[in-house]
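Q: Can you keep this structure in mind? I'll have questions shortly.
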Amino acid sequence: MIAAVIAVALLLAVAAYACAGGTDYGAGFWDLTAGGAERGRRPRWLIDHAMAPVWEVNNVWLVFIFVIMWTGFPTLFQTVFSAMWLPLALAAIGLVLRGAGFALRKPLRRIAGRRLYGAVFALSSLLTPFFLGAAVGGIASGRAVPGTEASAHAWANPTSILFGLIAIVSTAFLGAVFLAADAARFGAPDLCGYFRRRALGSVVALAVLAAIMLTVTRSDAPHVWHGLTHGVGLGLVILAGVCSLATGWLLLRRSGAWSRITAVGVVAAAVIAWGAAQRPYLIPTSLTVAEGAGAPSSLRWVGLVTLVAVVVVCPAVAFLYWLDTHGELEPLSGADLRETGPRDTDTERAEPGRDQPPVAGHAGTPTPGQGGTPTPGQGGTPTPGHGGTPDPSRGGAPDPNRGEPENPSP
């Protein structure tokens with residue numbers, strides 16, 4: 001019983017990472033396809049502001065997944081990481097490079113460095129979800145059985161490739177929906193329409209890939225296909241389809257309210273449908289939940305840690321997401337989006353309101369007559385004839401350059 005509860009917690013963590021982390025991967029996908037420096041400036045400017053507050057916290061779900069797998073289902077962990085170490089290693093490398101690219105591309109002053117790190121960030125946002133999806137496809141197709149040695153057959157197969165493509169398109173869909181909502185909140189109607197069109201195109205592509213996936217899994221992963229077309233799995237597939245239609249309808253409306261919730265419903269329902277379709281197996285049809293579970297004492301501790309996370313971590317993360325989606329963390333003024341952005345030069349990059357040289361008369365180097373080095377006649381060295389050194393034309397010491405007056409006073 002406790003093993004089944006831990007398995008459900010693992011599945012929910014996978015769904016949470018697919019939705020939260022997938023949104024960031026999708027933003028990276030649209031960064032990659034935004035175009036050149038001038039055409040893609042405004043979309044990338046919005047992507048930077050939208051991702052900055054929460055992109056690191058989304059990896060909490062990935063760590064949680066690994067902890068549950070390692071301690072709660074060690075046989076599953078060993079099997080998956082032995083049979084598919086290459087795609088998982090590539091995904092991990094992409095995860096690291098993606099974070100480094102996003103963190104380093106903005107503060108660099110040379111345009112070549114910014115373009116390099118920007119390309120690393122964007123390409124990693126494409127490759128990481130693909131390899132993670134390919135690993136999930138290897139599990140769903142039952143190729144990563146216990147004792148399997150590492151081979152391309154475990155993850156380079158029709159089901160794995162389709163799962164990888166679905167992972168890319170679903171993250172692009174989530175990213176476009178969330179960015180469209182951010183653009184509406186920031187008062188950028190052109191960017192709102194820009195990302196809404198891409199979200200609509202993504203949901204159509206996702207529906208096409210889902211239909212192809214059902215066709216392929218019928219012969220390549222029959223157990224999962226049966227689970228997706230019967231019972232709870234079928235109900236969740238229908239729910240994902242309804243959420244897709246609702247998202248498309250909301251995106252066509254002017255306000256687009258609730259589109260983010262329905263978009264999350266699409267991806268979450270699809271992930272949970274996959275998990276429900278595999279019952280009672282962790283790896284169809286070779287490793288059941290009961291067979292792959294760890295020792296009862298380990299499961300009890302995992303259950304306790306999961307409960308603590310639900311009580312402590314989940315509300316904090318949910319509150320962080322609420323602050324982010326309501327614009328409380330990274331304010332973006334209308335002036336930021338109206339500007340085309342800082343000029344790219346080979347030596348420096350200035351941001352609006354940052355790193356700007358001081359303007360004379362405002363701050364920094366003072367303007368003569370407003371503090372600092374005084375203007376003659378306004379303090380400091382006095383103007384001749386106004387105190388201090390006397391003006392010879394008005395009395396006092398004679399001016400040697402003028403000579404003696406013609407009619408000296410008596």
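Residue numbering restarts at 1 in every chain; chains get A, B, ... in the order shown in the structure tokens, and ligands count up from 1 in that same order.
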Could you name the residues that touch Val5 of chain A at 12 Å or less, counting only C-alpha atoms, but leaving out those on the same chain fewer than 5 positions away, as a PyMOL selection string?

A: chain A and resi 10-12+68+72+289-290+293+299-300+302-304+306-307

Q: Point out the residue among A:Gly101, A:Pro129, A:Pro146, A:Gly35 with the least atom-to-atom distance to Tyr117 of chain A, counting only C-alpha atoms.

A: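 Result for the nearest residue to Tyr117 of chain A: A:Gly101.
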
Q: Report as a PyMOL selection string all protein, DNA and RNA residues lying within 9 Å of Val267 of chain A, evaluated on only C-alpha atoms, omitting residues in the same chain fewer than 6 positions from it.

A: chain A and resi 15+18-19+170-171+174+240

Q: Enumerate, in order of chain and increasing residue number, the residues of segment 136-223 of chain A with an atom no farther than 12 Å from segment 268-272 of chain A, each with its shortest atom pair and distance in Å to one decimal, counting only C-alpha atoms, as CSV.

A:
```
residue,atom,partner,partner_atom,distance
A:Val136,CA,A:Val271,CA,10.4
A:Gly137,CA,A:Val271,CA,11.9
A:Ala140,CA,A:Val271,CA,11.6
A:Phe163,CA,A:Val271,CA,11.0
A:Ile166,CA,A:Ala270,CA,10.5
A:Ala167,CA,A:Val271,CA,10.3
A:Ser170,CA,A:Ala270,CA,10.0
A:Thr171,CA,A:Ala268,CA,11.7
A:Leu174,CA,A:Ala268,CA,11.1
A:Leu206,CA,A:Ala270,CA,11.1
A:Ala207,CA,A:Ala270,CA,11.4
A:Ala210,CA,A:Ala270,CA,9.6
```

Q: Using only all heavy atoms, please write the residues we just selected to a file, as a JSON list (two decimals), in the first residue's frame.

A:
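What landed in again-v5.json:
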```json
[["chain", "number", "residue", "atom", "x", "y", "z"],
["A", 136, "VAL", "N", 11.86, 8.64, -21.07],
["A", 136, "VAL", "CA", 10.50, 8.23, -20.66],
["A", 136, "VAL", "C", 9.91, 7.28, -21.69],
["A", 136, "VAL", "O", 9.24, 6.29, -21.34],
["A", 136, "VAL", "CB", 9.61, 9.47, -20.48],
["A", 136, "VAL", "CG1", 8.15, 9.07, -20.28],
["A", 136, "VAL", "CG2", 10.09, 10.29, -19.28],
["A", 137, "GLY", "N", 10.16, 7.53, -22.98],
["A", 137, "GLY", "CA", 9.68, 6.62, -24.01],
["A", 137, "GLY", "C", 10.30, 5.24, -23.90],
["A", 137, "GLY", "O", 9.64, 4.23, -24.16],
["A", 140, "ALA", "N", 8.35, 3.58, -21.14],
["A", 140, "ALA", "CA", 6.98, 3.24, -21.56],
["A", 140, "ALA", "C", 6.94, 2.07, -22.52],
["A", 140, "ALA", "O", 6.01, 1.26, -22.48],
["A", 140, "ALA", "CB", 6.32, 4.47, -22.21],
["A", 163, "PHE", "N", 8.09, 10.48, -27.94],
["A", 163, "PHE", "CA", 8.00, 11.10, -26.62],
["A", 163, "PHE", "C", 8.93, 12.31, -26.52],
["A", 163, "PHE", "O", 8.57, 13.33, -25.90],
["A", 163, "PHE", "CB", 8.35, 10.08, -25.54],
["A", 163, "PHE", "CG", 7.16, 9.31, -25.03],
["A", 163, "PHE", "CD1", 6.37, 8.57, -25.90],
["A", 163, "PHE", "CD2", 6.84, 9.30, -23.68],
["A", 163, "PHE", "CE1", 5.28, 7.85, -25.43],
["A", 163, "PHE", "CE2", 5.75, 8.60, -23.21],
["A", 163, "PHE", "CZ", 4.97, 7.86, -24.09],
["A", 166, "ILE", "N", 7.25, 15.11, -28.47],
["A", 166, "ILE", "CA", 6.11, 15.61, -27.71],
["A", 166, "ILE", "C", 6.58, 16.48, -26.54],
["A", 166, "ILE", "O", 5.95, 17.50, -26.21],
["A", 166, "ILE", "CB", 5.24, 14.44, -27.22],
["A", 166, "ILE", "CG1", 4.48, 13.83, -28.40],
["A", 166, "ILE", "CG2", 4.26, 14.88, -26.14],
["A", 166, "ILE", "CD1", 3.71, 12.57, -28.05],
["A", 167, "ALA", "N", 7.70, 16.08, -25.91],
["A", 167, "ALA", "CA", 8.23, 16.89, -24.82],
["A", 167, "ALA", "C", 8.62, 18.28, -25.32],
["A", 167, "ALA", "O", 8.33, 19.29, -24.66],
["A", 167, "ALA", "CB", 9.44, 16.18, -24.19],
["A", 170, "SER", "N", 5.32, 20.24, -26.24],
["A", 170, "SER", "CA", 4.52, 20.60, -25.07],
["A", 170, "SER", "C", 5.18, 21.72, -24.27],
["A", 170, "SER", "O", 4.49, 22.61, -23.75],
["A", 170, "SER", "CB", 4.30, 19.37, -24.18],
["A", 170, "SER", "OG", 5.53, 18.86, -23.71],
["A", 171, "THR", "N", 6.52, 21.70, -24.17],
["A", 171, "THR", "CA", 7.18, 22.81, -23.48],
["A", 171, "THR", "C", 7.05, 24.11, -24.27],
["A", 171, "THR", "O", 6.85, 25.18, -23.69],
["A", 171, "THR", "CB", 8.67, 22.49, -23.26],
["A", 171, "THR", "OG1", 9.30, 22.22, -24.52],
["A", 171, "THR", "CG2", 8.84, 21.29, -22.34],
["A", 174, "LEU", "N", 3.54, 25.40, -23.53],
["A", 174, "LEU", "CA", 3.45, 26.05, -22.22],
["A", 174, "LEU", "C", 4.17, 27.39, -22.21],
["A", 174, "LEU", "O", 3.64, 28.39, -21.69],
["A", 174, "LEU", "CB", 4.05, 25.13, -21.15],
["A", 174, "LEU", "CG", 3.22, 23.95, -20.68],
["A", 174, "LEU", "CD1", 4.05, 23.05, -19.77],
["A", 174, "LEU", "CD2", 1.97, 24.42, -19.96],
["A", 206, "LEU", "N", 0.86, 19.70, -31.14],
["A", 206, "LEU", "CA", 0.79, 18.74, -30.04],
["A", 206, "LEU", "C", -0.32, 17.73, -30.26],
["A", 206, "LEU", "O", -0.15, 16.53, -30.00],
["A", 206, "LEU", "CB", 0.58, 19.49, -28.73],
["A", 206, "LEU", "CG", 0.67, 18.68, -27.43],
["A", 206, "LEU", "CD1", 2.03, 18.03, -27.30],
["A", 206, "LEU", "CD2", 0.38, 19.57, -26.23],
["A", 207, "ALA", "N", -1.47, 18.17, -30.78],
["A", 207, "ALA", "CA", -2.58, 17.25, -31.06],
["A", 207, "ALA", "C", -2.20, 16.27, -32.16],
["A", 207, "ALA", "O", -2.51, 15.07, -32.08],
["A", 207, "ALA", "CB", -3.82, 18.05, -31.45],
["A", 210, "ALA", "N", 0.21, 13.73, -30.68],
["A", 210, "ALA", "CA", -0.48, 12.81, -29.78],
["A", 210, "ALA", "C", -1.22, 11.73, -30.57],
["A", 210, "ALA", "O", -1.22, 10.54, -30.18],
["A", 210, "ALA", "CB", -1.46, 13.59, -28.90]]
```

Q: Quick one: residues within 8 Å of Ala134 of chain A, only C-alpha atoms, excluding same-chain residues fewer than 6 positions away - as an NGL selection string?

A: :A and (87 or 155-156 or 159-164)

Q: Now that the selection is made, can you save its residues with N, CA and C atoms as an mmCIF file, in the first residue's frame?

A:
```cif
data_model
loop_
_atom_site.group_PDB
_atom_site.id
_atom_site.type_symbol
_atom_site.label_atom_id
_atom_site.label_comp_id
_atom_site.auth_asym_id
_atom_site.auth_seq_id
_atom_site.Cartn_x
_atom_site.Cartn_y
_atom_site.Cartn_z
ATOM 1 N N PRO A 87 21.384 9.216 -22.862
ATOM 2 C CA PRO A 87 20.444 10.336 -22.979
ATOM 3 C C PRO A 87 20.275 11.111 -21.680
ATOM 4 N N TRP A 155 16.613 3.685 -26.034
ATOM 5 C CA TRP A 155 16.045 5.029 -26.122
ATOM 6 C C TRP A 155 15.934 5.554 -27.557
ATOM 7 N N ALA A 156 16.570 4.921 -28.515
ATOM 8 C CA ALA A 156 16.451 5.340 -29.914
ATOM 9 C C ALA A 156 15.501 4.392 -30.628
ATOM 10 N N THR A 159 8.884 4.923 -30.142
ATOM 11 C CA THR A 159 8.184 5.502 -28.989
ATOM 12 C C THR A 159 9.034 6.566 -28.313
ATOM 13 N N SER A 160 10.325 6.301 -28.138
ATOM 14 C CA SER A 160 11.201 7.276 -27.485
ATOM 15 C C SER A 160 11.318 8.557 -28.316
ATOM 16 N N ILE A 161 11.471 8.428 -29.609
ATOM 17 C CA ILE A 161 11.592 9.620 -30.453
ATOM 18 C C ILE A 161 10.312 10.445 -30.409
ATOM 19 N N LEU A 162 9.167 9.772 -30.445
ATOM 20 C CA LEU A 162 7.894 10.497 -30.370
ATOM 21 C C LEU A 162 7.723 11.173 -29.011
ATOM 22 N N PHE A 163 8.090 10.484 -27.939
ATOM 23 C CA PHE A 163 8.000 11.104 -26.617
ATOM 24 C C PHE A 163 8.930 12.312 -26.521
ATOM 25 N N GLY A 164 10.113 12.220 -27.138
ATOM 26 C CA GLY A 164 11.018 13.363 -27.131
ATOM 27 C C GLY A 164 10.454 14.550 -27.894
#
```
